[in-house]
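Visitor: Sharing target-v1.pdb, PDB, C-alpha atoms and all ligand atoms:
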```pdb
MODEL        1
ATOM      1  CA  MET Y  28     -19.697  -2.270  -7.426
ATOM      2  CA  SER Y  29     -17.404  -0.991 -10.162
ATOM      3  CA  ASP Y  30     -13.670  -1.359  -9.905
ATOM      4  CA  ILE Y  31     -11.755   1.618  -8.615
ATOM      5  CA  LEU Y  32      -8.556   0.291 -10.185
ATOM      6  CA  GLU Y  33      -8.311  -1.603 -13.463
ATOM      7  CA  VAL Y  34      -4.977  -2.660 -14.892
ATOM      8  CA  LYS Y  35      -5.192  -4.339 -18.279
ATOM      9  CA  GLY Y  36      -2.233  -5.858 -20.088
ATOM     10  CA  LEU Y  37       0.144  -3.307 -18.578
ATOM     11  CA  SER Y  38       3.750  -3.422 -19.732
ATOM     12  CA  PHE Y  39       6.488  -0.928 -19.010
ATOM     13  CA  ARG Y  40      10.164  -0.867 -19.922
ATOM     14  CA  TYR Y  41      12.511   1.792 -18.574
ATOM     15  CA  PRO Y  42      14.499   3.413 -21.411
ATOM     16  CA  ASP Y  43      17.929   2.063 -20.448
ATOM     17  CA  SER Y  44      16.715  -1.446 -19.736
ATOM     18  CA  THR Y  45      16.488  -4.475 -22.005
ATOM     19  CA  ARG Y  46      13.778  -6.135 -19.934
ATOM     20  CA  ARG Y  47      10.253  -4.989 -19.118
ATOM     21  CA  ALA Y  48       9.871  -4.021 -15.433
ATOM     22  CA  VAL Y  49       6.147  -4.842 -15.663
ATOM     23  CA  ALA Y  50       4.878  -7.307 -18.262
ATOM     24  CA  ASP Y  51       1.311  -8.088 -19.403
ATOM     25  CA  PHE Y  52      -0.082  -7.310 -15.987
ATOM     26  CA  ASP Y  53      -3.806  -7.483 -15.165
ATOM     27  CA  LEU Y  54      -5.437  -6.463 -11.898
ATOM     28  CA  SER Y  55      -8.946  -5.344 -10.936
ATOM     29  CA  VAL Y  56      -9.602  -3.891  -7.508
ATOM     30  CA  PRO Y  57     -13.140  -3.083  -6.340
ATOM     31  CA  GLN Y  58     -13.766  -0.079  -4.083
ATOM     32  CA  GLY Y  59     -12.974  -0.818  -0.456
ATOM     33  CA  GLU Y  60     -10.629  -3.760  -0.965
ATOM     34  CA  ILE Y  61      -7.223  -4.145   0.636
ATOM     35  CA  VAL Y  62      -4.800  -5.785  -1.799
ATOM     36  CA  VAL Y  63      -1.283  -6.781  -0.835
ATOM     37  CA  LEU Y  64       1.412  -7.040  -3.470
ATOM     38  CA  ALA Y  65       4.432  -9.229  -2.759
ATOM     39  CA  GLY Y  66       7.371 -10.626  -4.692
ATOM     40  CA  PRO Y  67      11.163 -10.582  -4.802
ATOM     41  CA  SER Y  68      13.252  -7.418  -5.011
ATOM     42  CA  GLY Y  69      13.261  -5.992  -8.524
ATOM     43  CA  CYS Y  70      10.132  -7.853  -9.646
ATOM     44  CA  GLY Y  71       8.365  -4.606 -10.538
ATOM     45  CA  LYS Y  72       6.199  -3.773  -7.520
ATOM     46  CA  SER Y  73       7.182  -0.115  -7.231
ATOM     47  CA  THR Y  74       6.960   0.298 -10.997
ATOM     48  CA  LEU Y  75       3.403  -1.023 -10.927
ATOM     49  CA  LEU Y  76       2.520   1.467  -8.173
ATOM     50  CA  ARG Y  77       4.093   4.263 -10.246
ATOM     51  CA  ALA Y  78       1.822   3.279 -13.110
ATOM     52  CA  VAL Y  79      -1.149   3.692 -10.773
ATOM     53  CA  ASN Y  80      -0.245   7.124  -9.401
ATOM     54  CA  GLY Y  81       0.868   8.382 -12.804
ATOM     55  CA  LEU Y  82       4.624   8.758 -12.220
ATOM     56  CA  VAL Y  83       4.719   6.155 -15.002
ATOM     57  CA  PRO Y  84       4.370   7.374 -17.749
ATOM     58  CA  HIS Y  85       4.147  11.088 -16.795
ATOM     59  CA  MET Y  86       7.481  11.376 -14.956
ATOM     60  CA  TYR Y  87       9.291   8.225 -16.047
ATOM     61  CA  SER Y  88       9.335   7.891 -19.803
ATOM     62  CA  GLY Y  89       9.683   4.463 -21.367
ATOM     63  CA  GLU Y  90       7.912   1.899 -23.472
ATOM     64  CA  TYR Y  91       4.339   1.781 -22.212
ATOM     65  CA  GLY Y  92       1.674  -0.707 -23.278
ATOM     66  CA  GLY Y  93      -1.774  -1.638 -22.021
ATOM     67  CA  GLU Y  94      -3.942   0.461 -19.765
ATOM     68  CA  VAL Y  95      -4.405   1.558 -16.161
ATOM     69  CA  LYS Y  96      -7.687   3.162 -15.112
ATOM     70  CA  VAL Y  97      -8.463   4.781 -11.775
ATOM     71  CA  GLY Y  98     -12.152   5.437 -11.198
ATOM     72  CA  GLY Y  99     -12.787   4.612 -14.845
ATOM     73  CA  VAL Y 100     -10.340   7.218 -16.187
ATOM     74  CA  ALA Y 101      -7.084   6.252 -17.919
ATOM     75  CA  VAL Y 102      -4.012   7.309 -15.924
ATOM     76  CA  LYS Y 103      -2.174   8.010 -19.180
ATOM     77  CA  ASP Y 104      -4.786  10.602 -20.139
ATOM     78  CA  SER Y 105      -5.069  12.176 -16.660
ATOM     79  CA  SER Y 106      -2.971  15.074 -15.423
ATOM     80  CA  MET Y 107      -0.721  14.586 -12.398
ATOM     81  CA  ARG Y 108      -2.778  17.275 -10.660
ATOM     82  CA  ASP Y 109      -5.994  15.332 -11.185
ATOM     83  CA  LEU Y 110      -4.338  12.063 -10.149
ATOM     84  CA  ALA Y 111      -2.962  13.653  -6.997
ATOM     85  CA  GLN Y 112      -6.527  14.135  -5.796
ATOM     86  CA  ARG Y 113      -7.631  10.625  -6.592
ATOM     87  CA  VAL Y 114      -4.633   8.471  -5.708
ATOM     88  CA  GLY Y 115      -2.831   8.951  -2.435
ATOM     89  CA  PHE Y 116       0.586   7.384  -2.129
ATOM     90  CA  LEU Y 117       3.217   6.885   0.438
ATOM     91  CA  PHE Y 118       6.821   6.459  -0.657
ATOM     92  CA  GLN Y 119       9.035   3.822   0.866
ATOM     93  CA  ASN Y 120      10.984   6.552   2.654
ATOM     94  CA  PRO Y 121       8.891   9.307   4.299
ATOM     95  CA  GLU Y 122      11.851  11.730   4.028
ATOM     96  CA  ASN Y 123      10.941  12.021   0.349
ATOM     97  CA  GLN Y 124       7.518  13.224   1.281
ATOM     98  CA  ILE Y 125       8.221  15.814   3.932
ATOM     99  CA  PHE Y 126       8.472  19.326   2.617
ATOM    100  CA  MET Y 127       7.565  21.884   5.246
ATOM    101  CA  PHE Y 128       8.886  23.261   8.545
ATOM    102  CA  THR Y 129       5.971  22.260  10.730
ATOM    103  CA  VAL Y 130       3.912  19.092  10.832
ATOM    104  CA  GLU Y 131       0.708  21.061  10.344
ATOM    105  CA  ARG Y 132       1.988  22.850   7.244
ATOM    106  CA  ASP Y 133       3.304  19.596   5.921
ATOM    107  CA  VAL Y 134      -0.054  17.842   6.256
ATOM    108  CA  ALA Y 135      -1.629  20.807   4.445
ATOM    109  CA  PHE Y 136       0.977  20.827   1.658
ATOM    110  CA  GLY Y 137      -1.010  18.891  -0.955
ATOM    111  CA  LEU Y 138      -4.186  20.841  -0.246
ATOM    112  CA  GLU Y 139      -2.339  24.167  -0.505
ATOM    113  CA  ASN Y 140      -1.025  23.122  -3.896
ATOM    114  CA  LEU Y 141      -4.558  22.453  -5.038
ATOM    115  CA  GLY Y 142      -5.742  25.832  -3.801
ATOM    116  CA  VAL Y 143      -8.299  24.378  -1.398
ATOM    117  CA  PRO Y 144     -10.003  27.233   0.572
ATOM    118  CA  ARG Y 145      -8.543  27.969   4.046
ATOM    119  CA  GLU Y 146     -11.557  26.847   6.095
ATOM    120  CA  GLU Y 147     -11.866  23.570   4.237
ATOM    121  CA  MET Y 148      -8.122  23.054   4.552
ATOM    122  CA  ARG Y 149      -8.218  23.638   8.320
ATOM    123  CA  THR Y 150     -10.995  21.071   8.741
ATOM    124  CA  ARG Y 151      -9.311  18.428   6.630
ATOM    125  CA  VAL Y 152      -5.867  18.907   8.178
ATOM    126  CA  ASP Y 153      -7.277  18.719  11.724
ATOM    127  CA  GLU Y 154      -9.270  15.632  10.818
ATOM    128  CA  ALA Y 155      -6.257  13.864   9.270
ATOM    129  CA  MET Y 156      -4.020  14.731  12.228
ATOM    130  CA  ARG Y 157      -6.660  13.438  14.641
ATOM    131  CA  LEU Y 158      -7.074  10.234  12.660
ATOM    132  CA  LEU Y 159      -3.337   9.577  12.863
ATOM    133  CA  ASP Y 160      -3.032  10.735  16.428
ATOM    134  CA  ILE Y 161      -0.463  13.432  15.662
ATOM    135  CA  SER Y 162      -2.463  16.537  16.688
ATOM    136  CA  ASP Y 163      -0.028  17.191  19.533
ATOM    137  CA  LEU Y 164       2.862  17.264  17.043
ATOM    138  CA  ALA Y 165       1.234  20.008  14.913
ATOM    139  CA  GLN Y 166       3.869  22.675  15.601
ATOM    140  CA  ARG Y 167       6.893  20.356  15.652
ATOM    141  CA  ALA Y 168       9.486  20.258  12.892
ATOM    142  CA  PRO Y 169       8.963  17.055  10.855
ATOM    143  CA  HIS Y 170      12.688  16.394  10.453
ATOM    144  CA  GLU Y 171      13.039  16.130  14.248
ATOM    145  CA  LEU Y 172      10.483  13.340  14.525
ATOM    146  CA  SER Y 173      11.034   9.589  14.706
ATOM    147  CA  ASP Y 174      10.608   7.474  11.584
ATOM    148  CA  GLY Y 175       7.253   6.197  12.776
ATOM    149  CA  GLN Y 176       6.027   9.738  13.465
ATOM    150  CA  LYS Y 177       7.289  10.907  10.058
ATOM    151  CA  GLN Y 178       5.412   8.034   8.454
ATOM    152  CA  ARG Y 179       2.226   9.199  10.194
ATOM    153  CA  VAL Y 180       2.779  12.794   9.103
ATOM    154  CA  ALA Y 181       3.219  11.688   5.498
ATOM    155  CA  LEU Y 182       0.134   9.492   5.688
ATOM    156  CA  ALA Y 183      -1.892  12.344   7.238
ATOM    157  CA  GLY Y 184      -0.922  14.498   4.246
ATOM    158  CA  VAL Y 185      -2.164  11.728   1.951
ATOM    159  CA  LEU Y 186      -5.461  11.297   3.799
ATOM    160  CA  ALA Y 187      -6.141  15.036   3.946
ATOM    161  CA  MET Y 188      -6.528  14.813   0.169
ATOM    162  CA  ARG Y 189      -9.317  12.260   0.740
ATOM    163  CA  PRO Y 190      -8.275   9.959  -2.090
ATOM    164  CA  GLN Y 191     -10.478   7.035  -3.166
ATOM    165  CA  LEU Y 192      -7.409   4.886  -3.590
ATOM    166  CA  VAL Y 193      -4.279   4.779  -1.455
ATOM    167  CA  ILE Y 194      -1.111   2.982  -2.506
ATOM    168  CA  LEU Y 195       1.592   2.259   0.027
ATOM    169  CA  ASP Y 196       5.098   1.084  -0.859
ATOM    170  CA  GLU Y 197       6.513  -0.947   2.025
ATOM    171  CA  PRO Y 198       4.914   1.305   4.656
ATOM    172  CA  THR Y 199       6.189  -0.675   7.641
ATOM    173  CA  SER Y 200       9.815  -1.046   6.538
ATOM    174  CA  LEU Y 201      11.024   1.712   8.873
ATOM    175  CA  LEU Y 202       8.688   0.984  11.734
ATOM    176  CA  ASP Y 203       9.149  -1.011  14.910
ATOM    177  CA  PRO Y 204       6.745  -3.955  15.297
ATOM    178  CA  LYS Y 205       4.292  -2.053  17.515
ATOM    179  CA  THR Y 206       4.060   0.977  15.214
ATOM    180  CA  ALA Y 207       3.827  -1.336  12.201
ATOM    181  CA  ALA Y 208       0.885  -3.155  13.795
ATOM    182  CA  GLU Y 209      -0.760   0.206  14.510
ATOM    183  CA  LEU Y 210      -0.361   1.276  10.900
ATOM    184  CA  VAL Y 211      -1.964  -1.936   9.676
ATOM    185  CA  ALA Y 212      -4.839  -1.446  12.136
ATOM    186  CA  LEU Y 213      -5.240   2.089  10.806
ATOM    187  CA  VAL Y 214      -5.457   0.813   7.226
ATOM    188  CA  ALA Y 215      -8.229  -1.575   8.294
ATOM    189  CA  ARG Y 216     -10.053   1.219  10.124
ATOM    190  CA  LEU Y 217      -9.905   3.629   7.171
ATOM    191  CA  ARG Y 218     -11.265   0.970   4.881
ATOM    192  CA  ARG Y 219     -14.075   0.278   7.347
ATOM    193  CA  GLU Y 220     -14.950   3.903   8.139
ATOM    194  CA  LEU Y 221     -14.248   5.685   4.870
ATOM    195  CA  GLY Y 222     -14.394   2.811   2.368
ATOM    196  CA  THR Y 223     -10.869   3.660   1.194
ATOM    197  CA  THR Y 224      -9.236   1.160  -1.169
ATOM    198  CA  PHE Y 225      -5.625   0.145  -0.484
ATOM    199  CA  VAL Y 226      -2.936  -1.457  -2.599
ATOM    200  CA  VAL Y 227       0.029  -2.189  -0.357
ATOM    201  CA  VAL Y 228       3.473  -3.508  -1.265
ATOM    202  CA  GLU Y 229       4.668  -5.318   1.807
ATOM    203  CA  HIS Y 230       7.101  -7.956   2.968
ATOM    204  CA  ARG Y 231       5.731  -8.167   6.482
ATOM    205  CA  LEU Y 232       2.843 -10.396   5.566
ATOM    206  CA  ASP Y 233       2.190 -11.614   9.108
ATOM    207  CA  LEU Y 234       0.611  -8.258   9.927
ATOM    208  CA  LEU Y 235      -1.146  -7.530   6.680
ATOM    209  CA  VAL Y 236      -2.691 -10.850   5.757
ATOM    210  CA  LYS Y 237      -5.101 -10.475   8.646
ATOM    211  CA  VAL Y 238      -6.740  -7.445   7.074
ATOM    212  CA  ALA Y 239      -6.102  -8.076   3.369
ATOM    213  CA  ASP Y 240      -8.775  -9.366   1.018
ATOM    214  CA  ARG Y 241      -6.324 -10.415  -1.615
ATOM    215  CA  LEU Y 242      -2.664 -11.254  -2.055
ATOM    216  CA  VAL Y 243      -1.010 -10.813  -5.431
ATOM    217  CA  VAL Y 244       2.484 -12.183  -6.083
ATOM    218  CA  MET Y 245       4.703 -10.766  -8.815
ATOM    219  CA  ASN Y 246       7.799 -12.247 -10.366
ATOM    220  CA  GLU Y 247       9.912 -10.716 -13.151
ATOM    221  CA  GLY Y 248       7.215  -8.170 -13.930
ATOM    222  CA  ARG Y 249       4.412 -10.684 -14.186
ATOM    223  CA  LYS Y 250       1.579 -11.662 -11.910
ATOM    224  CA  VAL Y 251       2.287 -15.248 -10.873
ATOM    225  CA  MET Y 252      -0.190 -15.812  -8.032
ATOM    226  CA  GLU Y 253      -3.424 -14.202  -6.916
ATOM    227  CA  GLY Y 254      -6.066 -15.135  -4.378
ATOM    228  CA  THR Y 255      -7.147 -14.750  -0.798
ATOM    229  CA  PRO Y 256      -4.126 -14.615   1.518
ATOM    230  CA  ARG Y 257      -5.001 -18.121   2.712
ATOM    231  CA  ASP Y 258      -5.130 -19.554  -0.800
ATOM    232  CA  VAL Y 259      -1.853 -18.038  -1.825
ATOM    233  CA  LEU Y 260       0.085 -18.706   1.373
ATOM    234  CA  PHE Y 261      -1.056 -22.323   1.485
ATOM    235  CA  ARG Y 262       0.292 -23.027  -1.988
ATOM    236  CA  ASP Y 263       3.838 -24.395  -2.015
ATOM    237  CA  GLU Y 264       4.900 -22.169  -4.911
ATOM    238  CA  ALA Y 265       4.516 -19.056  -2.707
ATOM    239  CA  GLU Y 266       7.845 -19.748  -1.021
ATOM    240  CA  SER Y 267       9.523 -20.370  -4.359
ATOM    241  CA  TYR Y 268       8.688 -16.748  -5.275
ATOM    242  CA  GLY Y 269      10.344 -15.549  -2.097
ATOM    243  CA  VAL Y 270       7.083 -14.759  -0.326
ATOM    244  CA  ALA Y 271       7.750 -14.614   3.394
ATOM    245  CA  VAL Y 272       5.067 -17.061   4.518
ATOM    246  CA  PRO Y 273       4.424 -16.202   8.195
ATOM    247  CA  ALA Y 274       5.817 -18.840  10.583
ATOM    248  CA  ILE Y 275       2.394 -19.427  12.101
ATOM    249  CA  THR Y 276       0.977 -20.165   8.648
ATOM    250  CA  GLN Y 277       3.802 -22.611   7.938
ATOM    251  CA  VAL Y 278       2.916 -24.458  11.120
ATOM    252  CA  GLN Y 279      -0.803 -24.421  10.264
ATOM    253  CA  LYS Y 280       0.029 -25.748   6.813
ATOM    254  CA  MET Y 281       2.084 -28.643   8.215
ATOM    255  CA  LEU Y 282      -0.622 -29.558  10.713
ATOM    256  CA  ALA Y 283      -3.335 -29.243   8.052
ATOM    257  CA  LYS Y 284      -1.469 -31.724   5.852
ATOM    258  CA  ASP Y 285      -1.856 -34.285   8.635
ATOM    259  CA  ARG Y 286      -5.479 -33.153   9.097
ATOM    260  CA  LEU Y 287      -4.759 -32.023  12.626
ATOM    261  CA  VAL Y 288      -6.222 -28.551  11.997
ATOM    262  CA  PRO Y 289      -8.663 -27.220   9.390
ATOM    263  CA  THR Y 290      -7.216 -25.717   6.225
ATOM    264  CA  SER Y 291      -9.825 -22.984   6.107
ATOM    265  CA  GLY Y 292      -8.937 -19.490   7.301
ATOM    266  CA  LEU Y 293      -5.600 -18.224   8.511
ATOM    267  CA  MET Y 294      -5.245 -19.013  12.171
ATOM    268  CA  THR Y 295      -3.753 -16.840  14.860
ATOM    269  CA  PRO Y 296      -1.258 -18.457  17.253
ATOM    270  CA  ALA Y 297      -4.016 -18.703  19.904
ATOM    271  CA  GLU Y 298      -6.480 -20.333  17.480
ATOM    272  CA  LEU Y 299      -3.872 -22.790  16.322
ATOM    273  CA  ALA Y 300      -2.947 -23.662  19.894
ATOM    274  CA  ALA Y 301      -6.630 -24.152  20.739
ATOM    275  CA  ALA Y 302      -7.169 -26.346  17.655
ATOM    276  CA  VAL Y 303      -4.427 -28.755  18.715
ATOM    277  CA  GLY Y 304      -5.730 -28.827  22.258
ATOM    278  CA  GLY Y 305      -3.286 -26.442  23.876
ATOM    279  CA  GLY Y 306      -3.417 -22.763  24.851
ATOM    280  CA  SER Y 307      -5.517 -23.407  27.919
ATOM    281  CA  ARG Y 308      -5.302 -19.814  29.127
TER
HETATM  282  N1  LIG Y 401      14.185   4.540 -12.658
HETATM  283  C1  LIG Y 401      14.549   3.372 -13.180
HETATM  284  N2  LIG Y 401      15.290   3.309 -14.320
HETATM  285  C2  LIG Y 401      15.639   2.130 -14.864
HETATM  286  N3  LIG Y 401      15.307   0.933 -14.357
HETATM  287  C3  LIG Y 401      14.566   0.920 -13.234
HETATM  288  C4  LIG Y 401      14.153   2.137 -12.578
HETATM  289  N4  LIG Y 401      13.441   1.808 -11.494
HETATM  290  C5  LIG Y 401      13.410   0.459 -11.452
HETATM  291  N5  LIG Y 401      14.073  -0.063 -12.494
HETATM  292  C6  LIG Y 401      14.230  -1.514 -12.793
HETATM  293  O1  LIG Y 401      12.934  -2.071 -13.006
HETATM  294  C7  LIG Y 401      12.835  -3.341 -12.389
HETATM  295  C8  LIG Y 401      11.707  -3.326 -11.366
HETATM  296  O2  LIG Y 401      12.060  -2.438 -10.321
HETATM  297  P1  LIG Y 401      11.075  -2.040  -9.141
HETATM  298  O3  LIG Y 401      11.712  -0.947  -8.381
HETATM  299  O4  LIG Y 401       9.731  -1.802  -9.708
HETATM  300  O5  LIG Y 401      11.063  -3.402  -8.308
HETATM  301  P2  LIG Y 401      10.501  -3.696  -6.843
HETATM  302  O6  LIG Y 401       9.712  -4.957  -6.954
HETATM  303  O7  LIG Y 401       9.809  -2.513  -6.294
HETATM  304  O8  LIG Y 401      11.806  -3.998  -5.998
HETATM  305  P3  LIG Y 401      12.106  -3.754  -4.413
HETATM  306  O9  LIG Y 401      11.378  -4.848  -3.665
HETATM  307  O10 LIG Y 401      13.573  -3.912  -4.311
HETATM  308  O11 LIG Y 401      11.621  -2.382  -4.051
HETATM  309  C9  LIG Y 401      14.209  -3.653 -11.806
HETATM  310  O12 LIG Y 401      14.908  -4.420 -12.723
HETATM  311  C10 LIG Y 401      14.824  -2.274 -11.652
HETATM  312  O13 LIG Y 401      16.223  -2.366 -11.764
HETATM  313 MG    MG Y 402      10.120  -1.237  -4.637
ENDMDL
END
```
Kindly transcribe the structure held in the file into structure tokens.

Guide:
Amino acid sequence: MSDILEVKGLSFRYPDSTRRAVADFDLSVPQGEIVVLAGPSGCGKSTLLRAVNGLVPHMYSGEYGGEVKVGGVAVKDSSMRDLAQRVGFLFQNPENQIFMFTVERDVAFGLENLGVPREEMRTRVDEAMRLLDISDLAQRAPHELSDGQKQRVALAGVLAMRPQLVILDEPTSLLDPKTAAELVALVARLRRELGTTFVVVEHRLDLLVKVADRLVVMNEGRKVMEGTPRDVLFRDEAESYGVAVPAITQVQKMLAKDRLVPTSGLMTPAELAAAVGGGSR
């Protein structure tokens, strides 16, 4: 299947900076993949996402080189309006993405801007609210909700647009562990049921590696590692790039070195316990 996202030799330098925020970056993502992007603060993750949704170069000017294509069309040559329909994105802070006085109106915001007919809008908004389990919040004021609920409202607004590609910038940073796990499960479900492609910047790898097809590590604007989560997390350099290797994976890695457990596949705590002869329950 063709790639929904193609990044070729992308470089971007903000005007007041001496250094490129993204440098000679390549990435191809086929439809339906979940890709996780990790790397230290300031390495260029958010800038890369901006180059995918068009904020770079349409809203942030700077020195731009290389190419980003979504669905075969260059982002540089697409209008923000067109991109808004094809790339859904969730900011790090949902406050930046909540505009209206009721949840329902907020979820409909993007569709209203596009002039989608009322009936169609109703259907899509109801569907998105159902999917995120926020139908009972429809008439509430978004600013009175919890962070986790706000995150769901913002994501419902994204999904109502039915984008082929969704990019999420640290979506679990404001969530408690349970809500974060639910969000990750939702990402997996949307990929399974709708074939949606996800590129997710995330530090909480313990949750995401279970559903991700690929882990990409950035450092100083460049791609420094890429592979299945297992491949990347098992390599010693991952930690040197500040990747938070989940504790359970560190243990698996140590045991695998002594050939006490297999090196294939990322194990859950229960699997690891079973492999070393424990976890009898
Ligand atoms: N609007 C901007 N103007 C100028 N420089 C910027 C701007 N936004 C980011 N930068 C710089 O570009 C580089 C990459 O920043 P970016 O926000 O993409 O990193 P990041 O990997 O998302 O970091 P974090 O994990 O902290 O969110 C940094 O050096 C940052 O200071
Ligand atoms: Mg960032």

Visitor: Measuring between all atoms listed in the file, which one of Y:Arg216, Y:Arg167, Y:Lys96, Y:Lys72 shows the shortest distance to ligand MG 402 (chain Y)?

Guide: Y:Lys72

Visitor: Assuming the chain letters and numbering stay as they are in my file, what does the PyMOL selection byres (((chain Y and resi 70) around 9) and not hetatm) actually select? List them as an MDAnalysis selection string.

Guide: chainID Y and resid 48:49 66:69 71:74 245:249

Visitor: Give me, please, the distance in Å between atom O9 of ligand LIG 401 (chain Y) and atom CA of Pro273 of chain Y, quoted to one decimal.

Guide: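 So the answer is 17.8 Å.
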
Visitor: Please, which residues have at least one atom within 12 Å of an atom of ligand LIG 401 (chain Y), using all atoms listed in the file, listed as a PDB file with C-alpha atoms, keeping the file's coordinate frame?

Guide:
```
ATOM      1  CA  SER Y  38       3.750  -3.422 -19.732  1.00  0.00           C
ATOM      2  CA  PHE Y  39       6.488  -0.928 -19.010  1.00  0.00           C
ATOM      3  CA  ARG Y  40      10.164  -0.867 -19.922  1.00  0.00           C
ATOM      4  CA  TYR Y  41      12.511   1.792 -18.574  1.00  0.00           C
ATOM      5  CA  PRO Y  42      14.499   3.413 -21.411  1.00  0.00           C
ATOM      6  CA  ASP Y  43      17.929   2.063 -20.448  1.00  0.00           C
ATOM      7  CA  SER Y  44      16.715  -1.446 -19.736  1.00  0.00           C
ATOM      8  CA  THR Y  45      16.488  -4.475 -22.005  1.00  0.00           C
ATOM      9  CA  ARG Y  46      13.778  -6.135 -19.934  1.00  0.00           C
ATOM     10  CA  ARG Y  47      10.253  -4.989 -19.118  1.00  0.00           C
ATOM     11  CA  ALA Y  48       9.871  -4.021 -15.433  1.00  0.00           C
ATOM     12  CA  VAL Y  49       6.147  -4.842 -15.663  1.00  0.00           C
ATOM     13  CA  ALA Y  50       4.878  -7.307 -18.262  1.00  0.00           C
ATOM     14  CA  LEU Y  64       1.412  -7.040  -3.470  1.00  0.00           C
ATOM     15  CA  ALA Y  65       4.432  -9.229  -2.759  1.00  0.00           C
ATOM     16  CA  GLY Y  66       7.371 -10.626  -4.692  1.00  0.00           C
ATOM     17  CA  PRO Y  67      11.163 -10.582  -4.802  1.00  0.00           C
ATOM     18  CA  SER Y  68      13.252  -7.418  -5.011  1.00  0.00           C
ATOM     19  CA  GLY Y  69      13.261  -5.992  -8.524  1.00  0.00           C
ATOM     20  CA  CYS Y  70      10.132  -7.853  -9.646  1.00  0.00           C
ATOM     21  CA  GLY Y  71       8.365  -4.606 -10.538  1.00  0.00           C
ATOM     22  CA  LYS Y  72       6.199  -3.773  -7.520  1.00  0.00           C
ATOM     23  CA  SER Y  73       7.182  -0.115  -7.231  1.00  0.00           C
ATOM     24  CA  THR Y  74       6.960   0.298 -10.997  1.00  0.00           C
ATOM     25  CA  LEU Y  75       3.403  -1.023 -10.927  1.00  0.00           C
ATOM     26  CA  LEU Y  76       2.520   1.467  -8.173  1.00  0.00           C
ATOM     27  CA  ARG Y  77       4.093   4.263 -10.246  1.00  0.00           C
ATOM     28  CA  ALA Y  78       1.822   3.279 -13.110  1.00  0.00           C
ATOM     29  CA  LEU Y  82       4.624   8.758 -12.220  1.00  0.00           C
ATOM     30  CA  VAL Y  83       4.719   6.155 -15.002  1.00  0.00           C
ATOM     31  CA  PRO Y  84       4.370   7.374 -17.749  1.00  0.00           C
ATOM     32  CA  MET Y  86       7.481  11.376 -14.956  1.00  0.00           C
ATOM     33  CA  TYR Y  87       9.291   8.225 -16.047  1.00  0.00           C
ATOM     34  CA  SER Y  88       9.335   7.891 -19.803  1.00  0.00           C
ATOM     35  CA  GLY Y  89       9.683   4.463 -21.367  1.00  0.00           C
ATOM     36  CA  GLU Y  90       7.912   1.899 -23.472  1.00  0.00           C
ATOM     37  CA  PHE Y 118       6.821   6.459  -0.657  1.00  0.00           C
ATOM     38  CA  GLN Y 119       9.035   3.822   0.866  1.00  0.00           C
ATOM     39  CA  ASN Y 120      10.984   6.552   2.654  1.00  0.00           C
ATOM     40  CA  LEU Y 195       1.592   2.259   0.027  1.00  0.00           C
ATOM     41  CA  ASP Y 196       5.098   1.084  -0.859  1.00  0.00           C
ATOM     42  CA  GLU Y 197       6.513  -0.947   2.025  1.00  0.00           C
ATOM     43  CA  PRO Y 198       4.914   1.305   4.656  1.00  0.00           C
ATOM     44  CA  SER Y 200       9.815  -1.046   6.538  1.00  0.00           C
ATOM     45  CA  VAL Y 227       0.029  -2.189  -0.357  1.00  0.00           C
ATOM     46  CA  VAL Y 228       3.473  -3.508  -1.265  1.00  0.00           C
ATOM     47  CA  GLU Y 229       4.668  -5.318   1.807  1.00  0.00           C
ATOM     48  CA  HIS Y 230       7.101  -7.956   2.968  1.00  0.00           C
ATOM     49  CA  VAL Y 244       2.484 -12.183  -6.083  1.00  0.00           C
ATOM     50  CA  MET Y 245       4.703 -10.766  -8.815  1.00  0.00           C
ATOM     51  CA  ASN Y 246       7.799 -12.247 -10.366  1.00  0.00           C
ATOM     52  CA  GLU Y 247       9.912 -10.716 -13.151  1.00  0.00           C
ATOM     53  CA  GLY Y 248       7.215  -8.170 -13.930  1.00  0.00           C
ATOM     54  CA  ARG Y 249       4.412 -10.684 -14.186  1.00  0.00           C
ATOM     55  CA  LYS Y 250       1.579 -11.662 -11.910  1.00  0.00           C
ATOM     56  CA  TYR Y 268       8.688 -16.748  -5.275  1.00  0.00           C
ATOM     57  CA  GLY Y 269      10.344 -15.549  -2.097  1.00  0.00           C
ATOM     58  CA  VAL Y 270       7.083 -14.759  -0.326  1.00  0.00           C
TER      59      VAL Y 270
END
```

Visitor: Taking only C-alpha atoms into account, name the residue in Y:Leu217, Y:Leu32, Y:Ala239, Y:Leu210 that is nearest to Ile61 of chain Y.

Guide: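 Using only C-alpha atoms, the shortest distance to Ile61 of chain Y belongs to Y:Ala239.
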
Visitor: Extract segment 169-181 of chain Y from the structure I just pasted (atoms: C-alpha atoms) and return it as a CSV table (one decimal), in the first residue's frame.

Guide:
```csv
chain,number,residue,atom,x,y,z
Y,169,PRO,CA,-15.4,22.5,28.0
Y,170,HIS,CA,-13.5,24.8,30.4
Y,171,GLU,CA,-15.2,23.1,33.4
Y,172,LEU,CA,-14.0,19.7,32.5
Y,173,SER,CA,-11.0,17.7,33.7
Y,174,ASP,CA,-7.9,17.6,31.7
Y,175,GLY,CA,-8.6,14.0,30.6
Y,176,GLN,CA,-12.1,15.0,29.5
Y,177,LYS,CA,-10.8,18.1,27.7
Y,178,GLN,CA,-8.3,15.8,25.9
Y,179,ARG,CA,-11.2,13.6,24.7
Y,180,VAL,CA,-13.2,16.6,23.6
Y,181,ALA,CA,-10.3,17.8,21.5
```
